[in-house]
Each structure stands twice: as structure tokens, then as C-alpha cells.
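K.L.:
Please find structure.cif (mmCIF, C-alpha atoms) on the next line:
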```cif
data_my_file
loop_
_atom_site.label_atom_id
_atom_site.label_comp_id
_atom_site.auth_asym_id
_atom_site.auth_seq_id
_atom_site.Cartn_x
_atom_site.Cartn_y
_atom_site.Cartn_z
CA MET J 17 -150.56 41.55 11.37
CA CYS J 18 -148.73 38.56 9.90
CA GLU J 19 -147.16 36.59 12.81
CA VAL J 20 -144.09 35.59 10.82
CA GLY J 21 -141.71 35.55 13.77
CA THR J 22 -143.90 33.42 16.10
CA ARG J 23 -143.84 29.67 16.47
CA PRO J 24 -146.82 27.87 14.88
CA PRO J 25 -149.02 25.63 17.06
CA PRO J 26 -148.54 21.84 16.87
CA ALA J 27 -150.00 19.97 13.94
CA ALA J 28 -152.58 18.19 16.09
CA GLU J 29 -154.02 21.52 17.35
CA ARG J 30 -154.36 22.77 13.77
CA GLY J 31 -156.19 19.64 12.69
CA GLU J 32 -153.37 18.47 10.46
CA PRO J 33 -152.25 14.87 10.07
CA PRO J 34 -149.15 13.89 12.06
CA GLY J 35 -145.95 14.82 10.25
CA GLY J 36 -147.72 17.40 8.06
CA ALA J 37 -146.18 20.83 7.60
CA ALA J 38 -148.49 23.83 7.76
CA ALA J 39 -147.80 26.49 5.21
CA PRO J 40 -146.05 29.54 6.63
CA ALA J 41 -148.72 31.63 4.97
CA GLU J 42 -151.21 30.30 7.59
CA ARG J 43 -149.27 32.25 10.20
CA CYS J 44 -150.60 35.47 8.69
CA ARG J 45 -153.75 35.55 10.79
CA ASP J 46 -154.38 39.27 11.00
CA MET J 47 -156.12 41.29 8.33
CA GLY J 48 -154.91 43.82 5.81
CA GLU J 49 -151.11 43.17 5.74
CA GLN J 50 -149.91 43.43 2.15
CA PRO J 51 -146.45 43.76 0.53
CA ILE J 52 -145.78 47.25 -0.83
CA PHE J 53 -142.18 46.84 -2.04
CA THR J 54 -140.05 43.79 -2.82
CA THR J 55 -136.42 43.31 -3.81
CA ARG J 56 -133.65 40.70 -3.52
CA ALA J 57 -130.46 40.96 -1.48
CA HIS J 58 -127.96 39.01 0.61
CA VAL J 59 -128.93 39.27 4.30
CA PHE J 60 -126.40 39.70 7.13
CA GLN J 61 -126.64 40.18 10.90
CA ILE J 62 -124.08 41.68 13.24
CA ASP J 63 -122.12 39.17 15.33
CA PRO J 64 -123.68 39.39 18.84
CA SER J 65 -120.39 38.50 20.51
CA THR J 66 -118.08 41.00 18.78
CA LYS J 67 -120.64 43.57 17.58
CA LYS J 68 -118.24 44.20 14.68
CA ASN J 69 -118.21 41.30 12.23
CA TRP J 70 -121.07 40.47 9.85
CA VAL J 71 -122.54 36.96 9.91
CA PRO J 72 -124.37 35.79 6.74
CA ALA J 73 -128.02 35.02 7.47
CA SER J 74 -128.68 33.59 3.99
CA LYS J 75 -126.54 31.45 1.72
CA GLN J 76 -127.77 33.29 -1.35
CA ALA J 77 -129.82 36.32 -2.35
CA VAL J 78 -133.36 36.15 -0.88
CA THR J 79 -136.54 38.19 -1.18
CA VAL J 80 -136.78 41.21 1.15
CA SER J 81 -140.19 42.93 1.33
CA TYR J 82 -141.88 45.92 2.99
CA PHE J 83 -145.31 44.99 4.47
CA TYR J 84 -148.06 47.41 5.50
CA ASP J 85 -150.61 46.38 8.13
CA SER J 86 -153.74 48.46 7.52
CA THR J 87 -155.44 47.36 10.76
CA ARG J 88 -152.55 48.40 13.00
CA ASN J 89 -151.24 51.05 10.63
CA SER J 90 -147.68 49.71 10.93
CA TYR J 91 -144.84 48.78 8.58
CA ARG J 92 -142.44 45.84 8.68
CA ILE J 93 -139.47 44.46 6.73
CA ILE J 94 -139.77 40.69 6.31
CA SER J 95 -137.46 38.17 4.65
CA VAL J 96 -137.81 34.38 4.65
CA ASP J 97 -135.15 31.88 3.55
CA GLY J 98 -137.02 28.63 2.93
CA ALA J 99 -138.92 27.99 6.17
CA LYS J 100 -136.63 30.21 8.26
CA VAL J 101 -137.50 33.82 9.06
CA ILE J 102 -134.27 35.83 8.89
CA ILE J 103 -135.75 39.38 9.05
CA ASN J 104 -138.85 40.46 10.99
CA SER J 105 -138.26 44.13 11.77
CA THR J 106 -141.02 46.62 12.61
CA ILE J 107 -140.09 50.08 11.32
CA THR J 108 -140.25 52.91 13.86
CA PRO J 109 -139.69 56.64 13.34
CA ASN J 110 -136.43 56.42 15.30
CA MET J 111 -134.79 53.96 12.87
CA THR J 112 -132.20 55.05 10.31
CA PHE J 113 -131.01 53.20 7.22
CA THR J 114 -127.31 53.89 6.51
CA LYS J 115 -125.43 53.27 3.26
CA THR J 116 -121.97 51.96 4.17
CA SER J 117 -120.82 51.29 0.59
CA GLN J 118 -122.09 51.43 -2.98
CA LYS J 119 -124.01 48.15 -2.63
CA PHE J 120 -124.41 47.66 1.14
CA GLY J 121 -126.68 49.23 3.73
CA GLN J 122 -127.69 48.58 7.35
CA TRP J 123 -130.15 49.54 10.10
CA ALA J 124 -130.40 48.81 13.81
CA ASP J 125 -133.49 47.16 15.35
CA SER J 126 -133.60 47.75 19.12
CA ARG J 127 -136.56 45.38 19.57
CA ALA J 128 -134.68 42.49 17.93
CA ASN J 129 -131.46 43.65 19.64
CA THR J 130 -129.47 43.31 16.43
CA VAL J 131 -128.26 45.14 13.34
CA PHE J 132 -129.37 43.97 9.90
CA GLY J 133 -127.24 44.38 6.77
CA LEU J 134 -128.26 43.98 3.12
CA GLY J 135 -125.94 43.45 0.16
CA PHE J 136 -127.54 44.39 -3.17
CA PRO J 137 -126.48 43.40 -6.73
CA SER J 138 -126.36 47.05 -7.80
CA GLU J 139 -126.22 50.56 -6.39
CA GLN J 140 -129.61 51.43 -7.97
CA GLN J 141 -131.39 48.71 -5.96
CA LEU J 142 -129.73 49.94 -2.77
CA THR J 143 -130.86 53.50 -3.51
CA LYS J 144 -134.47 52.39 -4.13
CA PHE J 145 -134.51 50.38 -0.88
CA ALA J 146 -133.10 53.35 1.07
CA GLU J 147 -135.67 55.73 -0.43
CA LYS J 148 -138.47 53.32 0.44
CA PHE J 149 -137.12 53.00 3.98
CA GLN J 150 -137.22 56.77 4.40
CA GLU J 151 -140.75 56.91 2.93
CA VAL J 152 -142.01 54.15 5.24
CA LYS J 153 -140.27 55.78 8.21
CA GLU J 154 -142.11 59.07 7.52
CA ALA J 155 -145.40 57.18 7.15
CA ALA J 156 -144.80 55.40 10.47
CA LYS J 157 -144.09 58.74 12.13
CA LEU J 158 -147.28 60.23 10.70
CA ALA J 159 -149.29 57.19 11.84
CA ARG J 160 -147.84 57.52 15.36
CA ASP J 161 -148.75 61.21 15.50
CA ARG J 162 -152.33 60.48 14.37
CA SER J 163 -152.64 57.72 16.94
CA GLN J 164 -151.52 60.06 19.72
CA GLU J 165 -154.08 62.67 18.57
CA LYS J 166 -156.86 60.06 18.69
CA ILE J 167 -155.78 59.01 22.18
CA GLU J 168 -155.75 62.61 23.39
CA THR J 169 -159.20 63.28 21.85
CA SER J 170 -160.64 60.14 23.42
CA SER J 171 -159.17 61.11 26.79
CA ASN J 172 -160.75 64.56 26.60
CA HIS J 173 -164.20 63.08 25.79
CA SER J 174 -163.97 60.67 28.70
CA GLN J 175 -163.04 63.46 31.09
CA GLU J 176 -166.01 65.59 29.94
CA SER J 177 -168.44 62.72 30.35
CA GLY J 178 -167.00 62.04 33.79
CA ARG J 179 -167.65 65.60 34.88
CA GLU J 180 -171.27 65.52 33.64
CA THR J 181 -172.26 62.30 35.39
CA PRO J 182 -171.69 63.43 39.01
CA SER J 183 -173.76 66.60 38.46
CA SER J 184 -176.76 64.60 37.34
CA THR J 185 -176.29 62.25 40.25
CA ARG J 186 -176.15 65.09 42.68
CA ALA J 187 -179.29 66.62 41.10
CA SER J 188 -181.23 63.42 41.58
CA SER J 189 -180.01 62.94 45.14
CA VAL J 190 -180.81 66.50 46.31
CA ASN J 191 -184.47 66.31 45.28
CA GLY J 192 -186.36 64.60 48.09
CA THR J 193 -189.92 64.54 46.71
CA ASP J 194 -191.37 62.95 43.60
CA ASP J 195 -192.50 66.29 42.27
CA GLU J 196 -189.04 67.69 42.54
CA LYS J 197 -187.63 64.59 40.80
CA ALA J 198 -190.14 65.04 38.02
CA SER J 199 -189.34 68.71 37.68
CA HIS J 200 -185.57 68.12 37.60
CA GLY J 201 -185.62 64.92 35.46
CA GLY J 202 -185.97 66.71 32.09
CA PRO J 203 -182.32 67.64 31.39
CA ALA J 204 -181.02 64.25 32.57
CA GLU J 205 -183.42 62.38 30.32
CA THR J 206 -182.37 64.52 27.37
CA HIS J 207 -178.74 63.75 28.10
CA LEU J 208 -179.49 60.01 28.33
CA LYS J 209 -181.32 60.12 25.00
CA SER J 210 -178.36 61.81 23.33
CA GLU J 211 -176.06 59.20 24.82
CA ASN J 212 -178.34 56.44 23.55
CA ASP J 213 -178.32 57.98 20.09
CA LYS J 214 -174.52 58.07 20.18
CA LEU J 215 -174.43 54.44 21.26
CA LYS J 216 -176.79 53.47 18.47
CA ILE J 217 -174.59 55.26 15.92
CA ALA J 218 -171.48 53.58 17.36
CA LEU J 219 -173.26 50.20 17.25
CA ALA J 220 -174.23 50.75 13.63
CA GLN J 221 -170.67 51.75 12.78
CA SER J 222 -169.41 48.69 14.67
CA SER J 223 -171.78 46.47 12.68
CA SER J 224 -170.56 47.96 9.43
CA ASN J 225 -166.97 47.55 10.63
CA VAL J 226 -167.71 43.91 11.51
CA LYS J 227 -169.03 43.32 8.01
CA LYS J 228 -165.99 45.07 6.61
CA TRP J 229 -163.70 42.97 8.79
CA GLU J 230 -165.53 39.81 7.76
CA THR J 231 -165.01 40.75 4.12
CA GLU J 232 -161.34 41.45 4.76
CA LEU J 233 -161.07 38.20 6.71
CA GLN J 234 -162.55 36.28 3.80
CA THR J 235 -160.17 38.06 1.44
CA LEU J 236 -157.28 37.21 3.72
CA ARG J 237 -158.36 33.55 3.88
CA GLU J 238 -158.46 33.42 0.09
CA SER J 239 -155.05 35.10 0.00
CA ASN J 240 -153.77 32.57 2.56
CA ALA J 241 -155.15 29.73 0.43
CA ARG J 242 -153.32 31.12 -2.59
CA LEU J 243 -150.19 31.54 -0.52
CA THR J 244 -150.54 27.95 0.73
CA THR J 245 -150.83 26.70 -2.84
CA ALA J 246 -147.87 28.80 -3.87
CA LEU J 247 -145.88 27.53 -0.89
CA GLN J 248 -146.71 23.93 -1.75
CA GLU J 249 -145.63 24.56 -5.32
CA SER J 250 -142.51 26.22 -3.95
CA ALA J 251 -141.83 23.17 -1.75
CA ALA J 252 -142.24 20.88 -4.75
CA SER J 253 -139.96 23.16 -6.72
CA ILE J 254 -137.44 23.03 -3.86
CA GLU J 255 -137.48 19.22 -3.93
CA HIS J 256 -137.01 19.36 -7.69
CA TRP J 257 -134.09 21.73 -7.33
CA LYS J 258 -132.64 19.56 -4.55
CA LYS J 259 -132.71 16.58 -6.90
CA GLN J 260 -131.13 18.68 -9.62
CA PHE J 261 -128.53 19.90 -7.13
CA SER J 262 -127.72 16.30 -6.16
CA ALA J 263 -127.43 15.35 -9.82
CA CYS J 264 -125.23 18.36 -10.48
CA LYS J 265 -123.12 17.49 -7.46
CA GLU J 266 -122.64 13.93 -8.70
CA GLU J 267 -121.81 15.23 -12.15
CA ASN J 268 -119.42 17.71 -10.56
CA ASP J 269 -117.71 14.86 -8.66
CA GLN J 270 -117.42 12.86 -11.88
CA LEU J 271 -115.98 15.89 -13.67
CA ARG J 272 -113.51 16.40 -10.84
CA SER J 273 -112.37 12.77 -11.09
CA LYS J 274 -112.05 13.17 -14.87
CA ILE J 275 -110.09 16.37 -14.36
CA GLU J 276 -107.76 14.56 -11.95
CA GLU J 277 -107.29 11.78 -14.52
CA LEU J 278 -106.61 14.36 -17.23
CA GLU J 279 -104.13 16.10 -14.94
CA GLU J 280 -102.33 12.80 -14.39
CA GLN J 281 -102.31 12.21 -18.14
CA CYS J 282 -100.98 15.74 -18.64
CA ASN J 283 -98.23 15.03 -16.12
CA GLU J 284 -97.35 11.85 -18.01
CA ILE J 285 -97.37 13.80 -21.28
CA ASN J 286 -95.10 16.44 -19.75
CA LYS J 287 -92.71 13.73 -18.53
CA GLU J 288 -92.78 12.16 -21.99
CA LYS J 289 -92.04 15.56 -23.52
CA GLU J 290 -89.07 15.95 -21.17
CA ARG J 291 -87.81 12.51 -22.16
CA ASN J 292 -88.27 13.40 -25.83
CA ALA J 293 -86.36 16.62 -25.29
CA GLN J 294 -83.54 14.69 -23.61
CA LEU J 295 -83.51 12.21 -26.49
CA SER J 296 -83.45 15.08 -28.99
CA ARG J 297 -80.48 16.63 -27.22
CA ARG J 298 -78.72 13.23 -27.13
CA LEU J 299 -79.47 12.74 -30.83
CA GLN J 300 -77.93 16.11 -31.62
CA GLU J 301 -74.87 15.18 -29.59
CA LEU J 302 -74.59 11.87 -31.47
CA GLU J 303 -74.95 13.65 -34.79
CA THR J 304 -72.14 15.99 -33.78
CA GLU J 305 -70.00 13.03 -32.75
CA LEU J 306 -70.83 11.31 -36.03
CA GLN J 307 -69.68 14.35 -37.96
CA ASP J 308 -66.44 14.37 -35.98
CA LYS J 309 -65.95 10.67 -36.69
CA GLU J 310 -66.59 11.25 -40.37
CA LEU J 311 -63.92 13.95 -40.35
CA GLU J 312 -61.53 11.58 -38.63
CA LEU J 313 -62.39 8.86 -41.15
CA GLU J 314 -61.68 11.29 -43.96
CA GLU J 315 -58.31 12.05 -42.42
CA LEU J 316 -57.61 8.32 -42.14
CA ARG J 317 -58.55 7.84 -45.78
CA LYS J 318 -56.11 10.55 -46.74
CA GLN J 319 -53.48 8.88 -44.61
CA GLY J 320 -54.33 5.51 -46.25
CA GLU J 321 -53.42 6.97 -49.60
CA ILE J 322 -49.79 7.39 -48.46
CA ILE J 323 -49.60 3.87 -46.98
CA PRO J 324 -47.84 2.36 -50.09
CA GLN J 325 -45.14 4.98 -49.81
CA LEU J 326 -44.86 4.23 -46.12
CA MET J 327 -44.65 0.49 -46.92
CA SER J 328 -41.76 1.05 -49.27
CA GLU J 329 -40.07 3.17 -46.70
CA CYS J 330 -40.80 0.46 -44.12
CA GLU J 331 -39.15 -2.17 -46.36
CA SER J 332 -36.15 0.09 -46.78
CA VAL J 333 -35.98 0.60 -43.06
CA SER J 334 -36.35 -3.15 -42.52
CA GLN J 335 -33.42 -3.79 -44.84
CA GLN J 336 -31.42 -1.23 -42.97
CA LEU J 337 -32.45 -2.87 -39.74
CA GLN J 338 -31.33 -6.21 -41.10
CA ASP J 339 -28.05 -4.72 -42.09
CA ALA J 340 -27.77 -3.14 -38.69
CA GLU J 341 -28.50 -6.46 -37.04
CA ASN J 342 -25.85 -8.11 -39.15
CA LYS J 343 -23.49 -5.37 -38.19
CA ASN J 344 -24.59 -5.86 -34.64
CA LYS J 345 -23.72 -9.54 -34.83
CA ASP J 346 -20.35 -8.67 -36.28
CA LEU J 347 -19.88 -6.14 -33.55
CA GLU J 348 -20.88 -8.63 -30.94
CA GLU J 349 -18.40 -11.09 -32.41
CA LYS J 350 -15.80 -8.44 -32.31
CA VAL J 351 -16.76 -7.68 -28.73
CA ARG J 352 -16.29 -11.28 -27.81
CA THR J 353 -12.98 -11.27 -29.64
CA LEU J 354 -12.07 -8.10 -27.90
CA ARG J 355 -13.08 -9.53 -24.57
CA THR J 356 -10.88 -12.55 -25.27
CA GLU J 357 -8.10 -10.29 -26.23
CA VAL J 358 -8.78 -8.28 -23.05
CA GLU J 359 -8.55 -11.42 -20.98
CA GLU J 360 -5.43 -12.41 -22.75
CA SER J 361 -4.01 -8.91 -22.72
CA LYS J 362 -4.91 -7.41 -19.36
CA HIS J 363 -2.21 -4.92 -19.47
CA ARG J 364 -3.60 -3.60 -22.79
CA GLN J 365 -7.08 -3.48 -21.24
CA THR J 366 -6.05 -0.66 -19.00
CA ASN J 367 -4.98 1.40 -21.96
CA LEU J 368 -8.03 0.52 -24.06
CA LYS J 369 -10.62 0.63 -21.21
CA THR J 370 -11.59 4.18 -21.82
CA GLU J 371 -11.97 3.70 -25.56
CA LEU J 372 -13.93 0.50 -25.07
CA LYS J 373 -16.30 2.09 -22.57
CA ASN J 374 -17.05 4.94 -24.92
CA PHE J 375 -17.52 2.50 -27.77
CA LEU J 376 -19.91 0.37 -25.68
CA ASP J 377 -21.96 3.45 -24.73
CA VAL J 378 -22.27 4.44 -28.37
CA LEU J 379 -23.07 0.88 -29.28
CA ASP J 380 -25.81 0.61 -26.62
CA GLY J 381 -27.36 3.86 -27.84
CA LYS J 382 -27.41 2.60 -31.38
CA ILE J 383 -28.93 -0.69 -30.28
CA ASP J 384 -31.63 1.18 -28.34
CA GLU J 385 -32.33 3.35 -31.31
CA LEU J 386 -32.56 0.31 -33.56
CA HIS J 387 -34.78 -1.43 -31.04
CA ASP J 388 -37.11 1.59 -30.79
CA PHE J 389 -37.14 1.93 -34.52
CA ARG J 390 -38.06 -1.74 -34.86
CA GLN J 391 -40.89 -1.39 -32.38
CA GLY J 392 -42.17 1.66 -34.30
CA LEU J 393 -42.12 -0.36 -37.51
CA SER J 394 -43.99 -3.20 -35.77
CA LYS J 395 -46.71 -0.79 -34.55
CA LEU J 396 -46.98 0.75 -37.96
CA GLY J 397 -47.41 -2.68 -39.51
CA ILE J 398 -50.13 -3.58 -36.97
CA ASP J 399 -52.01 -0.32 -37.67
CA ASN J 400 -51.92 -1.00 -41.42
#
```
Mind converting the file's structure to C-alpha cells?

P.N.:
Amino acid sequence: MCEVGTRPPPAAERGEPPGGAAAPAERCRDMGEQPIFTTRAHVFQIDPSTKKNWVPASKQAVTVSYFYDSTRNSYRIISVDGAKVIINSTITPNMTFTKTSQKFGQWADSRANTVFGLGFPSEQQLTKFAEKFQEVKEAAKLARDRSQEKIETSSNHSQESGRETPSSTRASSVNGTDDEKASHGGPAETHLKSENDKLKIALAQSSSNVKKWETELQTLRESNARLTTALQESAASIEHWKKQFSACKEENDQLRSKIEELEEQCNEINKEKERNAQLSRRLQELETELQDKELELEELRKQGEIIPQLMSECESVSQQLQDAENKNKDLEEKVRTLRTEVEESKHRQTNLKTELKNFLDVLDGKIDELHDFRQGLSKLGIDN
């Protein structure tokens, strides 16, 4: 049987150069173990600490195969990820494969003290694997039953031969004389001859079995040589894929840096778009203001058309103002005269005080009105 789960001997004991790696196929030292079913799946094992969570045993989908060992009449499930054996489970009649979902199944291996789980790409592959598990389980049960029958048959033959041997011994020991030995030696000699014939037949069968085993051993060596070549090619392919992976990783890093640069450029573009949007809004506001200003300018132009009329009115008002100023001077002169008269005629001041006060109030109001009117005319002239 293929010793996949055992540790290989050191390189020096195998006659390899130091640092050389023996092909895993050389571990298959027994005869007659061949794959009978192969598929691909993601391999998981139950977490030994929690006994609940699944722990991935492979980073990607790997090959999972059923192997049949014709010499031991046993079945195993084997899966290898690179140089690491992740499944080496001998199928017994007590095992059960359980579907836990449409694409996932599991079985418990008491010898490995773990639970294996397989995740398949499709439900059809899971169904085929489960059917094969049941088929192999039935075959293992049948092989165990046949083995027990052979053991029982062999035990019965050994017991019968054990019962016959003492009787012949007692027969030879009871006879004391040579004549008696000669007379009783016939049946024992016949029995010995039959035993010799059986031994000869067994020896011939053993010789034929040896030749058969030698042929199978040679076949296995040739198969191992092919597996070694395939493994070496696989190792070279792995190195090639590692180089490609490194190149892809570098390219991925470069693409990531380019993506980051493009993202920064996109951010700048977005900021520029926001600024453009702000400028567009400001431009619209300015256009609105410009329209308002144009309306105001149109109003001013309309007002400018009536400026000549206003100028004539302004001249008329100026003349009136001049007249008013002249009148004001006359009034001031009169006031001075009146004040002189008041000083000279104090007794008349008492009688005229009320009238003079009222007159001064009216006069001050008129002066203020004239002053305001003059200031309005001055502003109007500045605006024109």
C-alpha cells in the first residue's frame, strides 16, 4: 500500500545527493494500489480545539482520489497539496459520508482522530463522490467478511491437524518392538506423504505468486518512474507558475499604484468640476446683476431725457432763490432797522415783541426752506 502519510527516509539513505528531493511517488512501495476515482474539491478539517469550526486544509481546489490496494484488499481516500498530504483516510465499513449542503459533505476518521470536509464546485460532483463512498464502503465490508471467513477456515484446518498429530505420536510410542512399528507405520507414512504433496502444491503456488509479485513489482517500479517524471514535470511547472505568479503580483502592484494615481486624478477632476460649478453659479449671478444694471441704466437714460426740462426749472428756481436772497437781504436790513428802532423805542418793543417773534419764526422757516431748496439744487447739479 502506498505509504503517503509516512515520513520518507533521509536523502543519504536513499542514495540521493545532498539537498535532493525524492519524488513522493517513491513512497508508494507496496504493490497493486491504483486510483479508481478522482475529482477536485476544497479540503477542510474540523478545528481540533473547538470541534465545531472548519479549518481550510488547502488554499485552492485539489485532487481527491479513491485508491484500491489489491494486495491488502483495502480502500483509501488520498489528497496531496504540493508536497503536503492533507487526506490519508482508510475507508472502513463503519464510516459514513454525510451531505451537509448542496455542495459540501463530510466524514469522520477515527484513526486520524479528525473529521474531513469537502467543498465541491457543483452538486453533481458531490453526489458522484457520495455514491462512490458508499460503493467503496460496501466493498470494504465485503472484503472484511471474506477475510474473516479465511481466518476461520485456516483456524479450523490448524485445529484438525493438531488433533491428528498426537494420535500418530501415541501410536508410535505405544509400539515397543520393531515389528509392531513396521506394522503400525503404514497410516502415518500415508499421512506424511499427503502432507508433503500439500506442501509441494503450496510451494508451487508460492513460486507462481512470487513470479506474479515480481511482475507486479516491476510494473509498480515502472509506474513509480512515470510518477517521478510526472512529479518532476509538475515541480518544474510549479516553478514556472511561481514565476508567473510573481510577475502577476508585480503587475498587480503596478496596476494598484496606477489605480491610486487615477483615483487622485479623479479627485482633482471632481474638485475642478466643483470649482467650475461654483464659477457657473457666480457667472449666472453676475449675468442677473448685469441685467438689473442694464434696467437701471435704461431708467437713467429715460431720466436723462427730462434733464433739459429740469435744467430750465432749476434756472427758474435759481432766479427765485436769487430773488429770495435779495428779499432776505432787504429783510435783514429791515431787521437791523427794526432792531435799531427797538433799541430806540423800548416801550414800543413790548407791544411789538409778539409780532416780531412770530415774524422771525416765519422768516427762519422760509430761510430753512430756501436753504434746503438750494442744497437740493446743488445735489441735482452735481448728479447731472

K.L.:
So what does the PyMOL selection byres ((chain J and resi 80) around 12) actually pick up in this one, as a PyMOL selection string?

P.N.:
chain J and resi 51-59+74+77-79+81-83+92-97+101-105+132-136+141-142+145

K.L.:
Between J:Asp399, J:Cys282, J:Ala293, J:Gly392, single out the one closest to J:Leu316, counting only C-alpha atoms.

P.N.:
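When distances to J:Leu316 are compared using only C-alpha atoms, the smallest one comes from J:Asp399.
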
K.L.:
Any chance you could resolve the PyMOL selection byres ((chain J and resi 160) around 12) against this file and give the residues as a PDB file with C-alpha atoms, keeping the file's coordinate frame?

P.N.:
```pdb
ATOM      1  CA  ARG J  88    -152.550  48.400  13.000  1.00  0.00           C
ATOM      2  CA  ASN J  89    -151.240  51.050  10.630  1.00  0.00           C
ATOM      3  CA  SER J  90    -147.680  49.710  10.930  1.00  0.00           C
ATOM      4  CA  TYR J  91    -144.840  48.780   8.580  1.00  0.00           C
ATOM      5  CA  ILE J 107    -140.090  50.080  11.320  1.00  0.00           C
ATOM      6  CA  THR J 108    -140.250  52.910  13.860  1.00  0.00           C
ATOM      7  CA  PRO J 109    -139.690  56.640  13.340  1.00  0.00           C
ATOM      8  CA  ASN J 110    -136.430  56.420  15.300  1.00  0.00           C
ATOM      9  CA  LYS J 153    -140.270  55.780   8.210  1.00  0.00           C
ATOM     10  CA  GLU J 154    -142.110  59.070   7.520  1.00  0.00           C
ATOM     11  CA  ALA J 155    -145.400  57.180   7.150  1.00  0.00           C
ATOM     12  CA  ALA J 156    -144.800  55.400  10.470  1.00  0.00           C
ATOM     13  CA  LYS J 157    -144.090  58.740  12.130  1.00  0.00           C
ATOM     14  CA  LEU J 158    -147.280  60.230  10.700  1.00  0.00           C
ATOM     15  CA  ALA J 159    -149.290  57.190  11.840  1.00  0.00           C
ATOM     16  CA  ASP J 161    -148.750  61.210  15.500  1.00  0.00           C
ATOM     17  CA  ARG J 162    -152.330  60.480  14.370  1.00  0.00           C
ATOM     18  CA  SER J 163    -152.640  57.720  16.940  1.00  0.00           C
ATOM     19  CA  GLN J 164    -151.520  60.060  19.720  1.00  0.00           C
ATOM     20  CA  GLU J 165    -154.080  62.670  18.570  1.00  0.00           C
ATOM     21  CA  LYS J 166    -156.860  60.060  18.690  1.00  0.00           C
ATOM     22  CA  ILE J 167    -155.780  59.010  22.180  1.00  0.00           C
TER      23      ILE J 167
END
```

K.L.:
Please provide the set of residues having any atom within 12 Å of J:Met327, restricted to all atoms listed in the file, with same-chain residues fewer than 2 positions apart removed, written as a list in words.

P.N.:
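After dropping sequence-adjacent residues, the list is Gly320, Glu321, Ile322, Ile323, Pro324, Gln325, Glu329, Cys330, Glu331, Ser332, Val333, Ser334, Leu393, Ser394, Leu396, Gly397, Asp399 and Asn400 of chain J.
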
K.L.:
Which residues fall under the PyMOL selection byres ((chain J and resi 371-384) around 12) in this file, as a list in words?

P.N.:
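With the PyMOL selection byres ((chain J and resi 371-384) around 12) on this model, the match is Leu337, Ala340, Glu341, Asn342, Lys343, Asn344, Lys345, Leu347, Glu348, Lys350, Val351, Leu354, Arg355, Val358, Arg364, Gln365, Thr366, Asn367, Leu368, Lys369, Thr370, Glu385, Leu386, His387, Asp388, Phe389, Arg390 and Gln391 of chain J.
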
K.L.:
Please compute the atom CA of J:Asp63-atom CA of J:Glu151 distance, one decimal, in Å.

P.N.:
28.6 Å

K.L.:
Quote the spacing between atom CA of J:Lys227 and atom CA of J:Ser210 in Å to one decimal place.

P.N.:
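Taking atom CA of J:Lys227 as the start and atom CA of J:Ser210 as the end point, the length is 25.8 Å.
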
K.L.:
Quick check, in Å to one decimal: how far apart do atom CA of J:Glu301 and atom CA of J:Lys287 lie?

P.N.:
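It comes out at 21.0 Å.
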
K.L.:
Excluding J:Pro64 and any residue of its chain fewer than 4 positions from it, enumerate the residues within 12 Å of it, using all atoms listed in the file, and give them as a list of chain:residue names.

P.N.:
J:Lys68, J:Asn69, J:Trp70, J:Val71, J:Ala128, J:Asn129, J:Thr130, J:Val131, J:Phe132

K.L.:
Can you give me all heavy atoms for stretch 288-293 of chain J, written as a short mmCIF file (atom, residue, chain, number, x, y, z; two decimals), in the coordinates of the input?

P.N.:
```cif
data_model
loop_
_atom_site.label_atom_id
_atom_site.label_comp_id
_atom_site.auth_asym_id
_atom_site.auth_seq_id
_atom_site.Cartn_x
_atom_site.Cartn_y
_atom_site.Cartn_z
N GLU J 288 -93.17 12.71 -20.69
CA GLU J 288 -92.78 12.16 -21.99
C GLU J 288 -92.13 13.24 -22.85
O GLU J 288 -91.14 12.98 -23.58
CB GLU J 288 -94.02 11.60 -22.70
CG GLU J 288 -93.72 10.80 -23.96
CD GLU J 288 -92.97 9.52 -23.66
OE1 GLU J 288 -93.10 9.00 -22.53
OE2 GLU J 288 -92.25 9.05 -24.56
N LYS J 289 -92.65 14.47 -22.78
CA LYS J 289 -92.04 15.56 -23.52
C LYS J 289 -90.62 15.82 -23.03
O LYS J 289 -89.71 16.08 -23.83
CB LYS J 289 -92.89 16.83 -23.36
CG LYS J 289 -94.18 16.81 -24.15
CD LYS J 289 -94.94 18.12 -23.96
CE LYS J 289 -96.23 18.12 -24.79
NZ LYS J 289 -97.00 19.38 -24.60
N GLU J 290 -90.42 15.75 -21.70
CA GLU J 290 -89.07 15.95 -21.17
C GLU J 290 -88.14 14.85 -21.67
O GLU J 290 -86.98 15.13 -22.05
CB GLU J 290 -89.12 15.95 -19.64
CG GLU J 290 -89.83 17.18 -19.05
CD GLU J 290 -89.89 17.14 -17.54
OE1 GLU J 290 -89.40 16.12 -16.97
OE2 GLU J 290 -90.41 18.09 -16.94
N ARG J 291 -88.64 13.60 -21.64
CA ARG J 291 -87.81 12.51 -22.16
C ARG J 291 -87.49 12.71 -23.66
O ARG J 291 -86.36 12.48 -24.09
CB ARG J 291 -88.51 11.16 -21.94
CG ARG J 291 -88.54 10.72 -20.48
CD ARG J 291 -88.91 9.26 -20.37
NE ARG J 291 -90.29 9.02 -20.77
CZ ARG J 291 -91.31 9.03 -19.92
NH1 ARG J 291 -91.11 9.29 -18.63
NH2 ARG J 291 -92.54 8.80 -20.34
N ASN J 292 -88.50 13.14 -24.41
CA ASN J 292 -88.27 13.40 -25.83
C ASN J 292 -87.25 14.51 -26.03
O ASN J 292 -86.40 14.45 -26.94
CB ASN J 292 -89.58 13.76 -26.52
CG ASN J 292 -90.53 12.57 -26.62
OD1 ASN J 292 -90.10 11.42 -26.59
ND2 ASN J 292 -91.82 12.84 -26.72
N ALA J 293 -87.33 15.53 -25.19
CA ALA J 293 -86.36 16.62 -25.29
C ALA J 293 -84.95 16.12 -24.98
O ALA J 293 -83.98 16.49 -25.67
CB ALA J 293 -86.75 17.76 -24.34
#
```
